[in-house]
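Source file: structure.pdb (PDB, C-alpha atoms and all ligand atoms)
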ATOM      1  CA  MET A1497      26.862 -41.857 130.141  1.00  0.00           C
ATOM      2  CA  ASN A1498      29.727 -41.006 127.804  1.00  0.00           C
ATOM      3  CA  LYS A1499      32.384 -39.053 129.722  1.00  0.00           C
ATOM      4  CA  ILE A1500      35.515 -37.723 128.017  1.00  0.00           C
ATOM      5  CA  ILE A1501      38.355 -35.714 129.537  1.00  0.00           C
ATOM      6  CA  ARG A1502      40.287 -33.963 126.774  1.00  0.00           C
ATOM      7  CA  PRO A1503      42.165 -30.808 125.803  1.00  0.00           C
ATOM      8  CA  ALA A1504      39.813 -27.899 124.996  1.00  0.00           C
ATOM      9  CA  HIS A1505      38.949 -27.085 121.371  1.00  0.00           C
ATOM     10  CA  GLU A1506      37.998 -23.821 119.709  1.00  0.00           C
ATOM     11  CA  ASN A1507      34.349 -25.024 119.784  1.00  0.00           C
ATOM     12  CA  ASP A1508      34.424 -25.122 123.607  1.00  0.00           C
ATOM     13  CA  VAL A1509      35.192 -21.406 124.077  1.00  0.00           C
ATOM     14  CA  LEU A1510      31.599 -20.205 124.464  1.00  0.00           C
ATOM     15  CA  ALA A1511      30.613 -23.029 126.831  1.00  0.00           C
ATOM     16  CA  ILE A1512      33.750 -22.459 128.960  1.00  0.00           C
ATOM     17  CA  TYR A1513      32.982 -18.731 129.037  1.00  0.00           C
ATOM     18  CA  GLN A1514      29.395 -19.362 130.199  1.00  0.00           C
ATOM     19  CA  LEU A1515      30.452 -21.884 132.849  1.00  0.00           C
ATOM     20  CA  LEU A1516      33.103 -19.539 134.278  1.00  0.00           C
ATOM     21  CA  ALA A1517      30.835 -16.471 134.087  1.00  0.00           C
ATOM     22  CA  PHE A1518      28.275 -18.131 136.388  1.00  0.00           C
ATOM     23  CA  TYR A1519      30.887 -18.658 139.152  1.00  0.00           C
ATOM     24  CA  ALA A1520      32.677 -15.369 138.426  1.00  0.00           C
ATOM     25  CA  LEU A1521      29.421 -13.535 139.245  1.00  0.00           C
ATOM     26  CA  LYS A1522      29.507 -15.236 142.640  1.00  0.00           C
ATOM     27  CA  GLN A1523      33.181 -14.144 142.933  1.00  0.00           C
ATOM     28  CA  ILE A1524      34.297 -17.779 143.260  1.00  0.00           C
ATOM     29  CA  VAL A1525      36.572 -17.678 140.189  1.00  0.00           C
ATOM     30  CA  LEU A1526      38.071 -14.739 138.313  1.00  0.00           C
ATOM     31  CA  PRO A1527      36.021 -13.507 135.351  1.00  0.00           C
ATOM     32  CA  ARG A1528      37.488 -14.271 131.909  1.00  0.00           C
ATOM     33  CA  THR A1529      36.497 -12.908 128.535  1.00  0.00           C
ATOM     34  CA  GLU A1530      35.948 -15.136 125.501  1.00  0.00           C
ATOM     35  CA  ALA A1531      39.041 -13.560 123.926  1.00  0.00           C
ATOM     36  CA  ASP A1532      41.143 -14.408 126.989  1.00  0.00           C
ATOM     37  CA  ILE A1533      39.867 -18.018 127.030  1.00  0.00           C
ATOM     38  CA  ARG A1534      40.610 -18.344 123.297  1.00  0.00           C
ATOM     39  CA  TYR A1535      44.118 -16.901 123.727  1.00  0.00           C
ATOM     40  CA  TYR A1536      44.933 -19.341 126.572  1.00  0.00           C
ATOM     41  CA  LEU A1537      42.931 -22.274 125.143  1.00  0.00           C
ATOM     42  CA  ALA A1538      45.976 -24.563 125.141  1.00  0.00           C
ATOM     43  CA  ASN A1539      45.990 -24.326 128.962  1.00  0.00           C
ATOM     44  CA  PHE A1540      42.459 -25.736 129.239  1.00  0.00           C
ATOM     45  CA  THR A1541      41.290 -29.293 129.799  1.00  0.00           C
ATOM     46  CA  VAL A1542      37.567 -30.016 129.687  1.00  0.00           C
ATOM     47  CA  CYS A1543      35.239 -32.792 130.737  1.00  0.00           C
ATOM     48  CA  GLU A1544      32.511 -33.542 128.232  1.00  0.00           C
ATOM     49  CA  ILE A1545      29.509 -35.679 129.185  1.00  0.00           C
ATOM     50  CA  ASP A1546      27.187 -36.881 126.436  1.00  0.00           C
ATOM     51  CA  GLY A1547      28.405 -34.045 124.217  1.00  0.00           C
ATOM     52  CA  GLU A1548      27.858 -31.332 126.867  1.00  0.00           C
ATOM     53  CA  LEU A1549      30.619 -29.392 128.638  1.00  0.00           C
ATOM     54  CA  ALA A1550      30.508 -30.610 132.262  1.00  0.00           C
ATOM     55  CA  GLY A1551      33.631 -28.903 133.586  1.00  0.00           C
ATOM     56  CA  CYS A1552      36.873 -27.161 132.793  1.00  0.00           C
ATOM     57  CA  MET A1553      40.255 -26.388 134.290  1.00  0.00           C
ATOM     58  CA  ALA A1554      43.248 -24.382 133.124  1.00  0.00           C
ATOM     59  CA  VAL A1555      46.881 -24.766 134.148  1.00  0.00           C
ATOM     60  CA  ARG A1556      48.924 -21.617 133.824  1.00  0.00           C
ATOM     61  CA  ASP A1557      52.697 -21.791 133.422  1.00  0.00           C
ATOM     62  CA  PHE A1558      54.557 -19.056 135.320  1.00  0.00           C
ATOM     63  CA  GLY A1559      57.971 -20.378 134.241  1.00  0.00           C
ATOM     64  CA  ASN A1560      60.622 -21.883 136.536  1.00  0.00           C
ATOM     65  CA  ARG A1561      58.422 -24.977 136.871  1.00  0.00           C
ATOM     66  CA  LEU A1562      55.754 -23.025 138.777  1.00  0.00           C
ATOM     67  CA  PHE A1563      52.165 -23.694 137.663  1.00  0.00           C
ATOM     68  CA  GLU A1564      48.725 -22.649 138.802  1.00  0.00           C
ATOM     69  CA  VAL A1565      45.386 -24.462 138.643  1.00  0.00           C
ATOM     70  CA  ARG A1566      42.876 -21.831 137.612  1.00  0.00           C
ATOM     71  CA  SER A1567      39.361 -21.580 136.211  1.00  0.00           C
ATOM     72  CA  LEU A1568      38.430 -24.960 137.720  1.00  0.00           C
ATOM     73  CA  VAL A1569      34.658 -25.311 137.579  1.00  0.00           C
ATOM     74  CA  ILE A1570      32.331 -28.291 137.365  1.00  0.00           C
ATOM     75  CA  LYS A1571      28.707 -27.695 136.355  1.00  0.00           C
ATOM     76  CA  SER A1572      26.566 -27.949 139.494  1.00  0.00           C
ATOM     77  CA  GLU A1573      24.650 -31.061 138.389  1.00  0.00           C
ATOM     78  CA  TYR A1574      27.938 -32.918 137.866  1.00  0.00           C
ATOM     79  CA  GLN A1575      29.669 -31.893 141.118  1.00  0.00           C
ATOM     80  CA  GLY A1576      30.570 -34.537 143.723  1.00  0.00           C
ATOM     81  CA  GLN A1577      31.116 -37.271 141.123  1.00  0.00           C
ATOM     82  CA  GLY A1578      34.899 -37.109 141.099  1.00  0.00           C
ATOM     83  CA  ILE A1579      35.278 -35.020 137.906  1.00  0.00           C
ATOM     84  CA  GLY A1580      37.118 -32.147 139.617  1.00  0.00           C
ATOM     85  CA  GLY A1581      39.461 -34.703 141.199  1.00  0.00           C
ATOM     86  CA  GLU A1582      40.059 -36.340 137.804  1.00  0.00           C
ATOM     87  CA  LEU A1583      40.897 -32.995 136.171  1.00  0.00           C
ATOM     88  CA  VAL A1584      43.365 -32.082 138.927  1.00  0.00           C
ATOM     89  CA  SER A1585      45.008 -35.527 139.076  1.00  0.00           C
ATOM     90  CA  GLY A1586      45.245 -35.521 135.259  1.00  0.00           C
ATOM     91  CA  ALA A1587      47.089 -32.180 135.391  1.00  0.00           C
ATOM     92  CA  ILE A1588      49.475 -33.570 138.019  1.00  0.00           C
ATOM     93  CA  ALA A1589      50.120 -36.685 135.921  1.00  0.00           C
ATOM     94  CA  ARG A1590      50.856 -34.589 132.800  1.00  0.00           C
ATOM     95  CA  LEU A1591      53.280 -32.362 134.732  1.00  0.00           C
ATOM     96  CA  LYS A1592      55.014 -35.435 136.216  1.00  0.00           C
ATOM     97  CA  SER A1593      55.500 -36.866 132.745  1.00  0.00           C
ATOM     98  CA  LYS A1594      57.215 -33.636 131.611  1.00  0.00           C
ATOM     99  CA  TYR A1595      59.141 -32.396 134.648  1.00  0.00           C
ATOM    100  CA  ASP A1596      61.306 -34.024 137.333  1.00  0.00           C
ATOM    101  CA  LYS A1597      60.388 -31.204 139.673  1.00  0.00           C
ATOM    102  CA  PHE A1598      57.507 -28.697 139.792  1.00  0.00           C
ATOM    103  CA  LYS A1599      55.167 -26.705 142.004  1.00  0.00           C
ATOM    104  CA  LEU A1600      51.444 -26.514 141.261  1.00  0.00           C
ATOM    105  CA  PHE A1601      49.410 -24.082 143.333  1.00  0.00           C
ATOM    106  CA  ALA A1602      45.855 -22.759 143.539  1.00  0.00           C
ATOM    107  CA  LEU A1603      44.067 -19.957 145.340  1.00  0.00           C
ATOM    108  CA  THR A1604      40.721 -21.316 146.420  1.00  0.00           C
ATOM    109  CA  TYR A1605      37.697 -21.386 148.711  1.00  0.00           C
ATOM    110  CA  ARG A1606      37.796 -25.184 148.444  1.00  0.00           C
ATOM    111  CA  ALA A1607      41.104 -25.945 150.187  1.00  0.00           C
ATOM    112  CA  ASN A1608      39.800 -29.297 151.466  1.00  0.00           C
ATOM    113  CA  PHE A1609      39.022 -30.450 147.932  1.00  0.00           C
ATOM    114  CA  PHE A1610      42.658 -29.770 146.964  1.00  0.00           C
ATOM    115  CA  ILE A1611      44.022 -31.327 150.183  1.00  0.00           C
ATOM    116  CA  ARG A1612      42.140 -34.532 149.318  1.00  0.00           C
ATOM    117  CA  ASN A1613      43.935 -34.381 145.992  1.00  0.00           C
ATOM    118  CA  GLY A1614      47.425 -34.235 147.531  1.00  0.00           C
ATOM    119  CA  PHE A1615      47.910 -30.470 148.107  1.00  0.00           C
ATOM    120  CA  VAL A1616      48.912 -28.767 151.378  1.00  0.00           C
ATOM    121  CA  LYS A1617      47.905 -25.329 152.662  1.00  0.00           C
ATOM    122  CA  VAL A1618      50.596 -22.652 152.307  1.00  0.00           C
ATOM    123  CA  ASN A1619      51.008 -18.906 152.739  1.00  0.00           C
ATOM    124  CA  LYS A1620      49.707 -17.095 149.641  1.00  0.00           C
ATOM    125  CA  GLU A1621      52.527 -14.520 149.773  1.00  0.00           C
ATOM    126  CA  MET A1622      54.684 -17.404 148.451  1.00  0.00           C
ATOM    127  CA  PHE A1623      53.326 -16.610 144.973  1.00  0.00           C
ATOM    128  CA  PRO A1624      54.234 -13.035 144.031  1.00  0.00           C
ATOM    129  CA  GLU A1625      53.766 -13.927 140.320  1.00  0.00           C
ATOM    130  CA  LYS A1626      50.071 -14.503 140.964  1.00  0.00           C
ATOM    131  CA  ILE A1627      49.564 -11.631 143.369  1.00  0.00           C
ATOM    132  CA  TRP A1628      51.020  -9.085 140.957  1.00  0.00           C
ATOM    133  CA  SER A1629      49.260 -10.267 137.846  1.00  0.00           C
ATOM    134  CA  ASP A1630      45.587 -11.191 137.801  1.00  0.00           C
ATOM    135  CA  CYS A1631      44.894 -10.691 141.541  1.00  0.00           C
ATOM    136  CA  MET A1632      45.057  -6.994 140.736  1.00  0.00           C
ATOM    137  CA  LEU A1633      42.011  -7.491 138.490  1.00  0.00           C
ATOM    138  CA  CYS A1634      40.015  -9.178 141.248  1.00  0.00           C
ATOM    139  CA  PRO A1635      37.375  -7.103 143.059  1.00  0.00           C
ATOM    140  CA  LYS A1636      38.589  -8.672 146.322  1.00  0.00           C
ATOM    141  CA  HIS A1637      42.294  -7.966 145.792  1.00  0.00           C
ATOM    142  CA  ASP A1638      42.654  -5.844 148.946  1.00  0.00           C
ATOM    143  CA  HIS A1639      40.621  -8.253 151.116  1.00  0.00           C
ATOM    144  CA  CYS A1640      41.374 -11.639 149.599  1.00  0.00           C
ATOM    145  CA  ASP A1641      39.832 -14.444 151.647  1.00  0.00           C
ATOM    146  CA  GLU A1642      40.989 -17.342 149.489  1.00  0.00           C
ATOM    147  CA  GLU A1643      43.471 -19.903 150.757  1.00  0.00           C
ATOM    148  CA  ALA A1644      46.608 -20.988 148.929  1.00  0.00           C
ATOM    149  CA  VAL A1645      47.298 -24.682 148.382  1.00  0.00           C
ATOM    150  CA  LEU A1646      50.389 -26.273 146.887  1.00  0.00           C
ATOM    151  CA  TYR A1647      51.356 -29.586 145.308  1.00  0.00           C
ATOM    152  CA  GLU A1648      55.127 -29.879 145.226  1.00  0.00           C
ATOM    153  CA  TYR A1649      56.811 -32.677 143.287  1.00  0.00           C
ATOM    154  CA  GLU A1650      60.387 -33.834 143.023  1.00  0.00           C
ATOM    155  CA  LYS A1651      61.145 -37.133 141.329  1.00  0.00           C
ATOM    156  CA  GLY A1652      62.636 -39.686 143.708  1.00  0.00           C
ATOM    157  CA  ARG A1653      61.855 -37.670 146.846  1.00  0.00           C
ATOM    158  CA  ILE A1654      59.965 -39.642 149.474  1.00  0.00           C
ATOM    159  CA  GLY A1655      57.389 -37.885 151.697  1.00  0.00           C
TER     160      GLY A1655
HETATM  161  C1  LIG B1701      35.403 -27.364 143.621  1.00  0.00           C
HETATM  162  C2  LIG B1701      34.929 -28.192 142.440  1.00  0.00           C
HETATM  163  C3  LIG B1701      35.758 -27.846 141.225  1.00  0.00           C
HETATM  164  C4  LIG B1701      35.139 -29.663 142.766  1.00  0.00           C
HETATM  165  O1  LIG B1701      34.738 -30.441 141.644  1.00  0.00           O
HETATM  166  P1  LIG B1701      33.917 -31.803 141.857  1.00  0.00           P
HETATM  167  O2  LIG B1701      33.821 -32.503 140.572  1.00  0.00           O
HETATM  168  O3  LIG B1701      32.657 -31.505 142.585  1.00  0.00           O
HETATM  169  O4  LIG B1701      34.983 -32.542 142.757  1.00  0.00           O
HETATM  170  P2  LIG B1701      34.990 -34.068 143.200  1.00  0.00           P
HETATM  171  O5  LIG B1701      33.690 -34.725 142.876  1.00  0.00           O
HETATM  172  O6  LIG B1701      36.249 -34.655 142.682  1.00  0.00           O
HETATM  173  O7  LIG B1701      35.116 -33.877 144.736  1.00  0.00           O
HETATM  174  C5  LIG B1701      34.071 -33.179 145.424  1.00  0.00           C
HETATM  175  C6  LIG B1701      33.588 -33.993 146.581  1.00  0.00           C
HETATM  176  O8  LIG B1701      32.886 -35.114 146.074  1.00  0.00           O
HETATM  177  C7  LIG B1701      33.368 -36.303 146.704  1.00  0.00           C
HETATM  178  N1  LIG B1701      33.487 -37.308 145.647  1.00  0.00           N
HETATM  179  C8  LIG B1701      34.551 -37.521 144.844  1.00  0.00           C
HETATM  180  N2  LIG B1701      34.313 -38.536 144.005  1.00  0.00           N
HETATM  181  C9  LIG B1701      33.051 -38.955 144.265  1.00  0.00           C
HETATM  182  C10 LIG B1701      32.220 -39.958 143.719  1.00  0.00           C
HETATM  183  N3  LIG B1701      32.640 -40.744 142.726  1.00  0.00           N
HETATM  184  N4  LIG B1701      30.973 -40.075 144.230  1.00  0.00           N
HETATM  185  C11 LIG B1701      30.549 -39.282 145.228  1.00  0.00           C
HETATM  186  N5  LIG B1701      31.296 -38.325 145.791  1.00  0.00           N
HETATM  187  C12 LIG B1701      32.528 -38.157 145.316  1.00  0.00           C
HETATM  188  C13 LIG B1701      34.727 -35.998 147.275  1.00  0.00           C
HETATM  189  O9  LIG B1701      34.862 -36.629 148.537  1.00  0.00           O
HETATM  190  C14 LIG B1701      34.724 -34.495 147.405  1.00  0.00           C
HETATM  191  O10 LIG B1701      34.510 -34.032 148.693  1.00  0.00           O
HETATM  192  P3  LIG B1701      35.157 -32.603 149.128  1.00  0.00           P
HETATM  193  O11 LIG B1701      34.641 -31.539 148.181  1.00  0.00           O
HETATM  194  O12 LIG B1701      34.667 -32.415 150.515  1.00  0.00           O
HETATM  195  O13 LIG B1701      36.630 -32.772 148.984  1.00  0.00           O
HETATM  196  C15 LIG B1701      33.424 -27.990 142.137  1.00  0.00           C
HETATM  197  O14 LIG B1701      32.677 -28.264 143.286  1.00  0.00           O
HETATM  198  C16 LIG B1701      33.081 -26.591 141.633  1.00  0.00           C
HETATM  199  O15 LIG B1701      33.099 -26.353 140.437  1.00  0.00           O
HETATM  200  N6  LIG B1701      32.764 -25.657 142.564  1.00  0.00           N
HETATM  201  C17 LIG B1701      32.394 -24.304 142.182  1.00  0.00           C
HETATM  202  C18 LIG B1701      33.566 -23.525 141.651  1.00  0.00           C
HETATM  203  C19 LIG B1701      34.788 -23.626 142.554  1.00  0.00           C
HETATM  204  O16 LIG B1701      34.718 -23.485 143.769  1.00  0.00           O
HETATM  205  N7  LIG B1701      35.939 -23.859 141.909  1.00  0.00           N
HETATM  206  C20 LIG B1701      37.208 -23.982 142.584  1.00  0.00           C
HETATM  207  C21 LIG B1701      38.022 -22.787 142.241  1.00  0.00           C
HETATM  208  S1  LIG B1701      39.710 -23.052 142.748  1.00  0.00           S
END

Please express what this file holds, its structure, as structure tokens.
Amino acid sequence: MNKIIRPAHENDVLAIYQLLAFYALKQIVLPRTEADIRYYLANFTVCEIDGELAGCMAVRDFGNRLFEVRSLVIKSEYQGQGIGGELVSGAIARLKSKYDKFKLFALTYRANFFIRNGFVKVNKEMFPEKIWSDCMLCPKHDHCDEEAVLYEYEKGRIG
């Protein structure tokens, strides 16, 4: 098995769109158009297995060293093999190499997955940037049942 984790390319747009659309229909992730994926392509990391797109994740920059993990999906046949964990820990490592201090959050139905990757549960009202932007596009915006999780980093801080 040849597994590669790499930044997304233009050629990945359709496969990312199809992967996200499947989970967007189930209302597990927000729907994204091909144009939106292409516009934000630099935010995406993908996992490719034997030439096939096995998973993707985007990290959105809200400014002020606040980031969000979004559009994290692993194809069902590749789930439970550590790929989601690798994508998230890769994002954390990249942020640590660039910033002495940052916050990385996610809104999710899989809080335990994030907790196993170093996040803690927090109150989602902590993130007005998120709530007032794409949450408004979500069909569940007035009855959101996702949980917020946060990874907070400050160089040199212990615990
Ligand atoms: C949530 C999701 C991204 C996790 O990705 P994943 O690749 O399955 O994640 P991992 O394999 O790293 O971890 C999943 C589980 O497999 C286990 N696992 C990790 N590495 C493993 C390995 N090498 N072998 C066997 N099991 C392993 C972990 O214990 C973990 O358990 P948990 O889910 O109870 O925490 C994926 O399940 C998914 O795409 N779900 C549908 C969409 C979704 O919910 N996205 C999240 C939106 S925020």

- Task: Step by step, measure atom-to-atom distances between ligand LIG 1701 (chain B) and each residue using all atoms listed in the file, keep those at most 6 Å, then write them as a PyMOL selection string.
- Result: chain A and resi 1524-1525+1568-1570+1575-1581+1603-1604+1606+1608-1609+1612

Write to file, as a compact mmCIF listing (two decimals), in the frame of the given file, the residues of the selection just made, with C-alpha atoms.
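File out-v5.txt, as written:
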# COMPACT_ATOMS: atom_id res chain seq x y z
CA ILE A 1524 34.30 -17.78 143.26
CA VAL A 1525 36.57 -17.68 140.19
CA LEU A 1568 38.43 -24.96 137.72
CA VAL A 1569 34.66 -25.31 137.58
CA ILE A 1570 32.33 -28.29 137.36
CA GLN A 1575 29.67 -31.89 141.12
CA GLY A 1576 30.57 -34.54 143.72
CA GLN A 1577 31.12 -37.27 141.12
CA GLY A 1578 34.90 -37.11 141.10
CA ILE A 1579 35.28 -35.02 137.91
CA GLY A 1580 37.12 -32.15 139.62
CA GLY A 1581 39.46 -34.70 141.20
CA LEU A 1603 44.07 -19.96 145.34
CA THR A 1604 40.72 -21.32 146.42
CA ARG A 1606 37.80 -25.18 148.44
CA ASN A 1608 39.80 -29.30 151.47
CA PHE A 1609 39.02 -30.45 147.93
CA ARG A 1612 42.14 -34.53 149.32

- Item | Minimum-distance residue to Asp1508 of chain A, chosen among A:Leu1583, A:Val1618, A:Ile1533, A:Gln1523 (using all atoms listed in the file) |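 When distances to Asp1508 of chain A are compared using all atoms listed in the file, the smallest one comes from A:Ile1533.
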
- Message: List the spatial neighbours of segment 1643-1652 of chain A as a PyMOL selection string - criterion: any atom at most 10 Å away, only C-alpha atoms, same-chain residues fewer than 3 positions off excluded.
- Response: chain A and resi 1562-1565+1588+1591-1592+1595-1608+1610-1611+1613-1623+1640+1655

- Message: Between atom CA of Ala1550 of chain A and atom CA of His1637 of chain A, what distance in Å does the model show, to one decimal?
- Response: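 According to the coordinates, atom CA of Ala1550 of chain A and atom CA of His1637 of chain A are separated by 28.9 Å.
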
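Residue neighbourhood of Tyr1536 of chain A, excluding near-sequence residues (fewer than 5 positions): Ala1531, Ala1554 and Arg1556 of chain A, at 9 Å, using all atoms listed in the file.
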
- Task: Could you tell me which residues the PyMOL selection byres (((chain A and resi 1515) around 12) and not hetatm) returns for this structure, as JSON, numbers by chain?
- Result: {"A": [1508, 1509, 1510, 1511, 1512, 1513, 1514, 1516, 1517, 1518, 1519, 1520, 1521, 1522, 1524, 1525, 1526, 1527, 1528, 1529, 1530, 1533, 1542, 1548, 1549, 1550, 1551, 1552, 1553, 1567, 1568, 1569, 1570, 1571, 1572]}

- Point-to-point distance from atom CA of Glu1573 of chain A to atom CA of Glu1544 of chain A, Å rounded to tenths: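 Atom CA of Glu1544 of chain A lies at a distance of 13.1 Å from atom CA of Glu1573 of chain A.
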
- Message: My list of candidates is A:Phe1540, A:Pro1624, A:Glu1506, A:Gly1547. Which is closest to Val1584 of chain A when distances are computed with all atoms listed in the file?
- Response: A:Phe1540

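Taking atom CA of Ala1504 of chain A as the reference point, atom CA of Met1632 of chain A is found at 26.7 Å.
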
- Task: Name all residues at most 8 Å from Lys1499 of chain A (count only C-alpha atoms; drop same-chain ones fewer than 5 positions away) and give them as a list in words.
- Result: Cys1543, Glu1544, Ile1545 and Asp1546 of chain A

For the residues in that selection, give me C-alpha atoms as a PDB file, in the coordinates of the input.
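In the end it all went to again21.pdb:
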ATOM      1  CA  CYS A1543      35.239 -32.792 130.737  1.00  0.00           C
ATOM      2  CA  GLU A1544      32.511 -33.542 128.232  1.00  0.00           C
ATOM      3  CA  ILE A1545      29.509 -35.679 129.185  1.00  0.00           C
ATOM      4  CA  ASP A1546      27.187 -36.881 126.436  1.00  0.00           C
TER       5      ASP A1546
END

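Ranking A:Arg1566, A:Arg1590, A:Arg1534, A:Arg1502 by their shortest atom-to-atom distance to Asp1630 of chain A, with all atoms listed in the file included, puts A:Arg1566 first.
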